[in-house]
$ cat data.cif   # mmCIF, C-alpha atoms
data_query
loop_
_atom_site.group_PDB
_atom_site.id
_atom_site.type_symbol
_atom_site.label_atom_id
_atom_site.label_comp_id
_atom_site.auth_asym_id
_atom_site.auth_seq_id
_atom_site.Cartn_x
_atom_site.Cartn_y
_atom_site.Cartn_z
ATOM 1 C CA MET P 2 86.435 -86.261 -104.991
ATOM 2 C CA ALA P 3 88.698 -85.443 -102.026
ATOM 3 C CA SER P 4 87.283 -83.100 -99.451
ATOM 4 C CA LYS P 5 89.231 -80.124 -98.118
ATOM 5 C CA LYS P 6 90.601 -80.284 -94.593
ATOM 6 C CA ASP P 7 88.643 -78.266 -92.040
ATOM 7 C CA ASN P 8 91.154 -75.785 -90.626
ATOM 8 C CA SER P 9 88.712 -74.348 -88.097
ATOM 9 C CA LYS P 10 89.129 -77.164 -85.584
ATOM 10 C CA SER P 11 91.497 -76.800 -82.672
ATOM 11 C CA GLY P 12 95.030 -78.072 -83.160
ATOM 12 C CA SER P 13 95.183 -77.916 -86.953
ATOM 13 C CA THR P 14 97.902 -76.056 -88.819
ATOM 14 C CA ILE P 15 96.992 -73.021 -90.896
ATOM 15 C CA SER P 16 99.423 -72.176 -93.696
ATOM 16 C CA THR P 17 100.428 -68.679 -94.767
ATOM 17 C CA SER P 18 98.514 -69.068 -98.030
ATOM 18 C CA VAL P 19 95.323 -69.949 -96.117
ATOM 19 C CA LEU P 20 95.788 -66.875 -93.902
ATOM 20 C CA MET P 21 96.308 -64.757 -97.011
ATOM 21 C CA SER P 22 93.087 -66.117 -98.516
ATOM 22 C CA GLU P 23 91.170 -65.372 -95.305
ATOM 23 C CA VAL P 24 92.427 -61.773 -95.288
ATOM 24 C CA ALA P 25 91.621 -61.380 -98.999
ATOM 25 C CA THR P 26 88.016 -62.497 -98.432
ATOM 26 C CA LYS P 27 87.617 -59.860 -95.701
ATOM 27 C CA PHE P 28 88.776 -57.118 -98.086
ATOM 28 C CA GLU P 29 86.857 -57.939 -101.262
ATOM 29 C CA SER P 30 87.577 -54.509 -102.783
ATOM 30 C CA ILE P 31 91.323 -55.253 -102.842
ATOM 31 C CA PRO P 32 92.574 -57.799 -105.396
ATOM 32 C CA LYS P 33 93.705 -61.102 -103.880
ATOM 33 C CA LYS P 34 97.080 -60.798 -105.583
ATOM 34 C CA MET P 35 97.713 -57.432 -103.923
ATOM 35 C CA VAL P 36 96.778 -58.807 -100.477
ATOM 36 C CA LYS P 37 99.273 -61.635 -100.981
ATOM 37 C CA GLU P 38 101.991 -59.155 -102.006
ATOM 38 C CA VAL P 39 101.360 -56.973 -98.939
ATOM 39 C CA ILE P 40 101.446 -59.922 -96.525
ATOM 40 C CA SER P 41 104.555 -61.366 -98.202
ATOM 41 C CA SER P 42 106.241 -57.986 -97.921
ATOM 42 C CA PHE P 43 105.208 -57.733 -94.253
ATOM 43 C CA LEU P 44 106.670 -61.160 -93.461
ATOM 44 C CA GLY P 45 109.847 -60.350 -95.419
ATOM 45 C CA SER P 46 110.252 -57.144 -93.448
ATOM 46 C CA ILE P 47 109.946 -59.054 -90.183
ATOM 47 C CA GLU P 48 112.551 -61.571 -91.358
ATOM 48 C CA GLU P 49 115.003 -58.819 -92.395
ATOM 49 C CA ASN P 50 114.672 -56.983 -89.089
ATOM 50 C CA VAL P 51 115.071 -60.077 -86.929
ATOM 51 C CA ALA P 52 118.079 -61.165 -89.037
ATOM 52 C CA SER P 53 119.581 -57.700 -88.363
ATOM 53 C CA SER P 54 119.185 -58.348 -84.601
ATOM 54 C CA ASN P 55 116.314 -55.866 -84.218
ATOM 55 C CA LYS P 56 113.425 -56.661 -81.894
ATOM 56 C CA VAL P 57 110.134 -56.894 -83.758
ATOM 57 C CA ARG P 58 107.035 -56.257 -81.663
ATOM 58 C CA ILE P 59 103.731 -57.164 -83.282
ATOM 59 C CA ASP P 60 100.738 -55.947 -81.286
ATOM 60 C CA LYS P 61 98.414 -58.700 -80.058
ATOM 61 C CA LEU P 62 100.955 -61.354 -81.140
ATOM 62 C CA GLY P 63 104.313 -60.935 -79.415
ATOM 63 C CA ILE P 64 107.989 -60.025 -79.738
ATOM 64 C CA LEU P 65 110.532 -61.712 -82.004
ATOM 65 C CA GLN P 66 114.188 -61.156 -81.210
ATOM 66 C CA VAL P 67 117.632 -62.715 -81.529
ATOM 67 C CA LYS P 68 119.293 -63.823 -78.300
ATOM 68 C CA ASP P 69 122.906 -64.819 -77.787
ATOM 69 C CA ARG P 70 123.643 -68.217 -76.278
ATOM 70 C CA ALA P 71 126.784 -68.387 -74.170
ATOM 71 C CA PRO P 72 129.348 -71.126 -74.783
ATOM 72 C CA ARG P 73 128.830 -74.102 -72.495
ATOM 73 C CA MET P 74 129.991 -77.595 -71.769
ATOM 74 C CA GLY P 75 127.935 -80.503 -73.041
ATOM 75 C CA ARG P 76 128.248 -84.244 -73.138
ATOM 76 C CA ASN P 77 128.294 -86.649 -76.071
ATOM 77 C CA PRO P 78 125.404 -89.023 -75.244
ATOM 78 C CA GLN P 79 127.077 -91.988 -76.992
ATOM 79 C CA THR P 80 130.532 -91.765 -75.420
ATOM 80 C CA GLY P 81 129.901 -89.628 -72.335
ATOM 81 C CA GLU P 82 132.827 -87.434 -73.405
ATOM 82 C CA GLU P 83 132.582 -83.755 -72.449
ATOM 83 C CA ILE P 84 132.476 -81.372 -75.403
ATOM 84 C CA LYS P 85 132.614 -77.600 -75.623
ATOM 85 C CA ILE P 86 129.531 -76.122 -77.295
ATOM 86 C CA PRO P 87 130.433 -72.782 -78.903
ATOM 87 C CA ALA P 88 128.464 -69.561 -78.479
ATOM 88 C CA SER P 89 125.543 -69.232 -80.864
ATOM 89 C CA LYS P 90 122.407 -67.243 -81.537
ATOM 90 C CA LYS P 91 118.758 -68.225 -81.345
ATOM 91 C CA VAL P 92 115.479 -66.630 -82.336
ATOM 92 C CA SER P 93 113.215 -66.069 -79.364
ATOM 93 C CA PHE P 94 109.485 -65.336 -79.338
ATOM 94 C CA ARG P 95 107.696 -63.876 -76.326
ATOM 95 C CA VAL P 96 103.914 -64.158 -76.573
ATOM 96 C CA ALA P 97 101.828 -61.020 -75.986
ATOM 97 C CA SER P 98 99.642 -61.070 -72.892
ATOM 98 C CA SER P 99 96.546 -60.321 -74.994
ATOM 99 C CA LEU P 100 97.150 -63.505 -77.016
ATOM 100 C CA LYS P 101 97.713 -65.514 -73.845
ATOM 101 C CA GLU P 102 94.391 -64.242 -72.504
ATOM 102 C CA ALA P 103 92.631 -65.066 -75.780
ATOM 103 C CA VAL P 104 93.971 -68.626 -75.628
ATOM 104 C CA GLY P 105 93.116 -68.956 -71.954
ATOM 105 C CA VAL P 106 96.593 -69.177 -70.417
ATOM 106 C CA LYS P 107 96.308 -68.579 -66.700
ATOM 107 C CA LYS P 108 98.518 -65.969 -65.078
ATOM 108 C CA LYS P 109 100.939 -67.199 -62.449
ATOM 109 C CA SER P 110 100.235 -65.933 -58.973
ATOM 110 C CA ALA P 111 102.587 -63.506 -57.243
ATOM 111 C CA ALA P 112 103.449 -66.206 -54.698
ATOM 112 C CA THR P 113 104.668 -68.493 -57.478
ATOM 113 C CA ALA P 114 106.860 -65.733 -58.913
ATOM 114 C CA LYS P 115 108.356 -65.025 -55.481
ATOM 115 C CA THR P 116 109.087 -68.717 -54.957
ATOM 116 C CA ARG P 117 110.784 -68.921 -58.354
ATOM 117 C CA LYS P 118 112.953 -65.871 -57.549
ATOM 118 C CA ALA P 119 113.896 -67.331 -54.175
ATOM 119 C CA ARG P 120 114.964 -70.626 -55.785
ATOM 120 C CA ALA P 121 117.045 -68.770 -58.391
ATOM 121 C CA ALA P 122 118.758 -66.716 -55.685
ATOM 122 C CA LYS P 123 119.481 -69.893 -53.724
ATOM 123 C CA LYS P 124 121.091 -71.545 -56.762
ATOM 124 C CA LYS P 125 123.405 -68.569 -57.312
ATOM 125 C CA LYS P 126 124.804 -68.931 -53.770
#

$ encode --input "data.cif" --output "structure tokens"
Amino acid sequence: MASKKDNSKSGSTISTSVLMSEVATKFESIPKKMVKEVISSFLGSIEENVASSNKVRIDKLGILQVKDRAPRMGRNPQTGEEIKIPASKKVSFRVASSLKEAVGVKKKSAATAKTRKARAAKKKK
């Protein structure tokens, strides 16, 4: 008999269905099927809004948004030939500070931020 993977250890991947099951066990008075429908609807709503170029802010998690990428020049790694990369879009996620704190991400000092700004200003010149 195969044993189930332990998803509680650090670094493992938790699927949406496992998250749905965890939520359903916390709300025993609500049928599991209904919990799955609500979460699926929630995720679908997020997808629709991001696809429509709306920012989606989820408290304690972060912000999902679409960002435009400017056209740029690139290089074919095999031939070295320069190629023009057209403008495109990308989905960006900015992590909420509360989640960073929960994970233990250290805040950058003000001196580091100033140094970064000074370097950026120097590059623009």

$ resolve_selection --input "data.cif" --expression "the PyMOL selection byres ((chain P and resi 45-59) around 10)" --output "PyMOL selection string"
chain P and resi 39-44+60-68+90+92-97

$ atom_distance --input "data.cif" --atom1 "atom CA of Ile86 of chain P" --atom2 "atom CA of Ala71 of chain P"
8.8 Å

$ resolve_selection --input "data.cif" --expression "the PyMOL selection byres ((chain P and resi 17) around 12)" --output "VMD selection string"
chain P and resid 14 to 16 18 to 24 36 to 37 40 to 41 43 to 44

$ write_last_selection --input "data.cif" --atoms "C-alpha atoms" --output "short mmCIF file (atom, residue, chain, number, x, y, z; two decimals), in the frame of the given file"
data_model
loop_
_atom_site.label_atom_id
_atom_site.label_comp_id
_atom_site.auth_asym_id
_atom_site.auth_seq_id
_atom_site.Cartn_x
_atom_site.Cartn_y
_atom_site.Cartn_z
CA THR P 14 97.90 -76.06 -88.82
CA ILE P 15 96.99 -73.02 -90.90
CA SER P 16 99.42 -72.18 -93.70
CA SER P 18 98.51 -69.07 -98.03
CA VAL P 19 95.32 -69.95 -96.12
CA LEU P 20 95.79 -66.88 -93.90
CA MET P 21 96.31 -64.76 -97.01
CA SER P 22 93.09 -66.12 -98.52
CA GLU P 23 91.17 -65.37 -95.30
CA VAL P 24 92.43 -61.77 -95.29
CA VAL P 36 96.78 -58.81 -100.48
CA LYS P 37 99.27 -61.64 -100.98
CA ILE P 40 101.45 -59.92 -96.52
CA SER P 41 104.56 -61.37 -98.20
CA PHE P 43 105.21 -57.73 -94.25
CA LEU P 44 106.67 -61.16 -93.46
#

$ atom_distance --input "data.cif" --atom1 "atom CA of Gly75 of chain P" --atom2 "atom CA of Ser89 of chain P"
13.9 Å

$ axis_aligned_box --input "data.cif" --around "segment 49-62 of chain P" --padding-each-side "6 Å" --output "AutoDock Vina command-line options"
--center_x 109.0 --center_y -58.6 --center_z -86.2 --size_x 33.2 --size_y 17.5 --size_z 24.3

$ atom_distance --input "data.cif" --atom1 "atom CA of Pro87 of chain P" --atom2 "atom CA of Met74 of chain P"
8.6 Å
